[in-house]
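Asks: First, the structure itself, so that you have it in front of you.
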Amino acid sequence: MKVYEIQNSTGIDALKLGDRPQPQPGPGQVLVQVRANSLNYRDLLVVEGNYVSIKYPLIPMSDGAGDVVAVGEGVTRVKVGDRVAGIFFQDWISGTLTREKMKSDLGGGIDGMLAEYVVLNQDGLVILPDHLSYEAGATLPCAAVTAWHSLITKGNISADDTILLLGTGGVSIFALQFAKIYGARVIITSSSDEKLAQAKQLGADETINYKTTPDWERKVYELTGRTGVDHVIEVGGAGTLPKTLQAVRIAGRVSLIGLLSGKGNAIDPMPILFKSLTVQGIYVGSREMFEAMNQVISQHQLQPIIDRVFPFTEAPAAYSYLQSGAHFGKVVISH
């Protein structure tokens, strides 16, 4: 079978298309023919060698969806013909994240989904919502679950809340869609007026161009009656967190998700202390969260926002496109 491997940490050029024997499912395992994958910023960190615990060669990518084509002895959760997606942490079924569960991250600690076929444990799969294509289903395991974990599982948002979203990548756009399902008010930032117009079409209530409005935290403060937002989806990291801490209200919540603006800068803890903030690190989520999210996605017939689809043979080009930052929503690879 055809499979992409990362041989070392030299960047996108390290991604090589090769051949491996097609795997066969053992007891409790499932053979999935992968039909689509989606990219996350984390996938760039992996190919650049900026992700933890990488052992080479590695099949990359956490996100993939496809068909169950064979099952091993004792498999009861799925059957041949089911349309499925893998969960990000193969061993995080429910409860809290642990060090052992963290070792089971697809495309990081263990081989991922960028292959024609993969074998996964039956417990590491969820059934796709019926109305979604493979391409749409492939966007869910990382970005969608992360947004769900932040806003719903931990954030418990309601129609009374105002949410601030930074940027228009996968997590932020899923967060926008979930926030509107729950009736929340959404403020979103971008450096592109075109992307902000797209966000408006999806229901964003207020938009801020952070290039033309570099003091965007002050604009957020004005838009909320000098109170601040209830919840921030913080994907920027060290470069944006100080402004985020100014933009959130007293006793508000910050879901810290990404490192798009870098890491390592010293952060002043005083706003967290004086404003009695909850700053929550979010590292994707469990299968239980994924399945609860899928119920709401099915109920509301939500369609993930896909910017562009690349063929399997052009996976490196998909990585380069994500790296460019030109995307709105998700970048997908179709087999």
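Numbering starts fresh at 1 for the residues of each chain in the structure tokens, the chains themselves are lettered A, B, ... in the order given, and ligands are numbered from 1 as they appear.
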Which neighbours of stretch 287-295 of chain A fall inside 7 Å, counting only C-alpha atoms, when residues of the same chain fewer than 5 positions from it are skipped, and could you give them as a PyMOL selection string?

Replies: chain A and resi 87+92-94+126+129+145+148-149

Asks: Check stretch 35-199 of chain A with DSSP on the backbone and list each residue it calls alpha helix (DSSP H), as a PyMOL selection string.

Replies: chain A and resi 41-47+99-102+134-137+145-148+170-181+193-199

Asks: Please provide as a list in words all residues within 9 Å of A:Thr162, with the sequence filter that same-chain residues fewer than 4 positions apart are discarded (counting only C-alpha atoms).

Replies: Ile157, Ser158, Ala179, Ala184, Arg185, Val186, Ile187, Thr224, Gly228, Val229, Asp230, His231 and Val232 of chain A

Asks: Closest to A:Pro242 among A:Met270, A:Ile305, A:Ala14, A:Val71, using only C-alpha atoms?

Replies: A:Met270

Asks: Which value, in Å to one decimal, gives the distance between atom CA of A:Arg308 and atom CA of A:Leu128?

Replies: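 We find that atom CA of A:Arg308 and atom CA of A:Leu128 lie 20.6 Å from each other.
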
Asks: Nearest residue to A:Val332 out of A:Ile59, A:Ala36, A:Leu277, A:Leu166, using only C-alpha atoms?

Replies: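 Counting only C-alpha atoms, the residue closest to A:Val332 is A:Ala36.
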
Asks: Can you tell me which residues surround A:Ile208 at a distance of at most 12 Å, considering only C-alpha atoms, apart from same-chain residues fewer than 5 positions away, and format the answer as a VMD selection string?

Replies: chain A and resid 164 to 168 186 to 197 199 to 200 213 to 223

Asks: Compare A:Val69, A:Ala143, A:Leu44, A:Ile152 by their minimum atom-to-atom distance to A:Gly107, counting only C-alpha atoms, and give me the closest one.

Replies: A:Leu44

Asks: Can you list, as a ChimeraX atom specification, every protein, DNA or RNA residue that comes within 10 Å of A:Val68 when you count only C-alpha atoms, leaving out same-chain residues fewer than 4 positions away?

Replies: /A:30-34,78-85,117-119

Asks: Point out the residue among A:Gln22, A:Gln90, A:Asn121, A:Ser255 with the least atom-to-atom distance to A:Leu151, counting only C-alpha atoms.

Replies: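 Among the listed residues, A:Ser255 lies closest to A:Leu151.
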
Asks: Set the distance at 12 Å and use only C-alpha atoms: which residues neighbour stretch 333-335 of chain A once local chain neighbours fewer than 3 positions away are removed? I'd like the list as a PyMOL selection string.

Replies: chain A and resi 2-3+33-40+61+63-66+113-117+133-139+306-319+321-322+330

Asks: Could you save those same residues with C-alpha atoms as a PDB file, in the first residue's frame?

Replies:
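Done, and the output landed in result-v6.pdb:
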ATOM      1  CA  LYS A   2       1.022   3.622  -0.491  1.00  0.00           C
ATOM      2  CA  VAL A   3       1.968   5.517   2.627  1.00  0.00           C
ATOM      3  CA  GLN A  33      -9.344   2.034   4.140  1.00  0.00           C
ATOM      4  CA  VAL A  34      -8.579   5.727   4.525  1.00  0.00           C
ATOM      5  CA  ARG A  35     -10.582   7.976   2.188  1.00  0.00           C
ATOM      6  CA  ALA A  36      -9.548  11.419   3.426  1.00  0.00           C
ATOM      7  CA  ASN A  37      -7.243  13.232   5.856  1.00  0.00           C
ATOM      8  CA  SER A  38      -7.186  16.758   7.204  1.00  0.00           C
ATOM      9  CA  LEU A  39      -4.252  18.883   8.297  1.00  0.00           C
ATOM     10  CA  ASN A  40      -3.655  20.686  11.570  1.00  0.00           C
ATOM     11  CA  MET A  61      -1.375  12.966  10.624  1.00  0.00           C
ATOM     12  CA  ASP A  63      -6.962  13.096  11.220  1.00  0.00           C
ATOM     13  CA  GLY A  64      -8.414  10.517   8.875  1.00  0.00           C
ATOM     14  CA  ALA A  65     -11.756   9.024   7.851  1.00  0.00           C
ATOM     15  CA  GLY A  66     -12.645   5.982   5.798  1.00  0.00           C
ATOM     16  CA  MET A 113      -3.437   8.220   9.207  1.00  0.00           C
ATOM     17  CA  LEU A 114      -1.652   9.396   6.035  1.00  0.00           C
ATOM     18  CA  ALA A 115      -1.781   5.972   4.392  1.00  0.00           C
ATOM     19  CA  GLU A 116      -4.097   3.977   2.163  1.00  0.00           C
ATOM     20  CA  TYR A 117      -4.894   1.550   4.997  1.00  0.00           C
ATOM     21  CA  SER A 133     -18.595  13.144   3.324  1.00  0.00           C
ATOM     22  CA  TYR A 134     -15.292  11.440   4.091  1.00  0.00           C
ATOM     23  CA  GLU A 135     -13.569  14.779   3.503  1.00  0.00           C
ATOM     24  CA  ALA A 136     -15.830  16.526   6.012  1.00  0.00           C
ATOM     25  CA  GLY A 137     -15.548  13.657   8.490  1.00  0.00           C
ATOM     26  CA  ALA A 138     -11.768  13.795   8.319  1.00  0.00           C
ATOM     27  CA  THR A 139     -11.785  17.358   9.699  1.00  0.00           C
ATOM     28  CA  ILE A 306     -13.205  23.092   3.992  1.00  0.00           C
ATOM     29  CA  ASP A 307     -10.985  25.611   2.237  1.00  0.00           C
ATOM     30  CA  ARG A 308      -9.254  23.320  -0.254  1.00  0.00           C
ATOM     31  CA  VAL A 309      -8.917  19.617  -1.060  1.00  0.00           C
ATOM     32  CA  PHE A 310      -5.642  18.148  -2.372  1.00  0.00           C
ATOM     33  CA  PRO A 311      -5.198  14.673  -3.907  1.00  0.00           C
ATOM     34  CA  PHE A 312      -3.260  12.081  -1.899  1.00  0.00           C
ATOM     35  CA  THR A 313      -0.341  12.302  -4.344  1.00  0.00           C
ATOM     36  CA  GLU A 314       0.017  16.018  -3.552  1.00  0.00           C
ATOM     37  CA  ALA A 315       0.115  15.792   0.253  1.00  0.00           C
ATOM     38  CA  PRO A 316       3.313  17.899   0.514  1.00  0.00           C
ATOM     39  CA  ALA A 317       1.538  20.695  -1.391  1.00  0.00           C
ATOM     40  CA  ALA A 318      -1.279  20.535   1.175  1.00  0.00           C
ATOM     41  CA  TYR A 319       1.286  21.001   3.952  1.00  0.00           C
ATOM     42  CA  TYR A 321      -0.667  25.528   1.667  1.00  0.00           C
ATOM     43  CA  LEU A 322      -1.429  25.199   5.377  1.00  0.00           C
ATOM     44  CA  LYS A 330      -9.691  23.203   7.040  1.00  0.00           C
TER      45      LYS A 330
END

Asks: Smallest atom-to-atom distance to A:Gln177: which of A:Thr76, A:Thr153, A:Gln201, A:Thr10, using only C-alpha atoms?

Replies: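 So, comparing all the options, the nearest one is A:Gln201.
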
Asks: For the strand (DSSP E) assignment from backbone DSSP, which residues of stretch 257-304 of chain A qualify? Please present them as a list of chain:residue names.

Replies: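 Matching residues for strand (DSSP E) in stretch 257-304 of chain A are A:Thr278, A:Val279, A:Gln280, A:Gly281.
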
Asks: Just write the chosen residues, N, CA and C atoms, as a tab-separated table (two decimals), in the first residue's frame.

Replies:
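And here's again.tsv as it stands now:
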chain	number	residue	atom	x	y	z
A	278	THR	N	-9.80	31.88	34.68
A	278	THR	CA	-9.54	30.47	34.47
A	278	THR	C	-8.82	30.32	33.14
A	279	VAL	N	-7.58	29.88	33.17
A	279	VAL	CA	-6.81	29.64	31.95
A	279	VAL	C	-6.65	28.12	31.82
A	280	GLN	N	-7.30	27.56	30.83
A	280	GLN	CA	-7.40	26.11	30.68
A	280	GLN	C	-6.63	25.64	29.44
A	281	GLY	N	-5.61	24.79	29.65
A	281	GLY	CA	-4.95	24.16	28.51
A	281	GLY	C	-5.85	23.09	27.93

Asks: Can you list, as a tab-separated table (two decimals) with N, CA and C atoms, in the first residue's frame, every protein, DNA or RNA residue that comes within 9 Å of A:Arg77 when you count only C-alpha atoms, leaving out same-chain residues fewer than 4 positions away?

Replies:
chain	number	residue	atom	x	y	z
A	122	GLN	N	-10.48	-1.16	17.93
A	122	GLN	CA	-11.89	-0.79	17.79
A	122	GLN	C	-12.29	0.35	18.73
A	123	ASP	N	-11.62	0.46	19.86
A	123	ASP	CA	-11.95	1.52	20.81
A	123	ASP	C	-11.48	2.89	20.34
A	125	LEU	N	-12.02	4.34	17.47
A	125	LEU	CA	-12.80	4.77	16.30
A	125	LEU	C	-14.14	5.33	16.73
A	126	VAL	N	-14.66	6.25	15.92
A	126	VAL	CA	-16.04	6.71	16.07
A	126	VAL	C	-16.73	6.60	14.71

Asks: Between atom CA of A:Ile250 and atom CA of A:Phe174, what distance in Å does the model show, to one decimal?

Replies: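 Result for atom CA of A:Ile250 versus atom CA of A:Phe174: 25.5 Å, one decimal.
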
Asks: To one decimal place, how far is atom CA of A:Met1 from atom CA of A:Gln24 in Å?

Replies: 12.0 Å
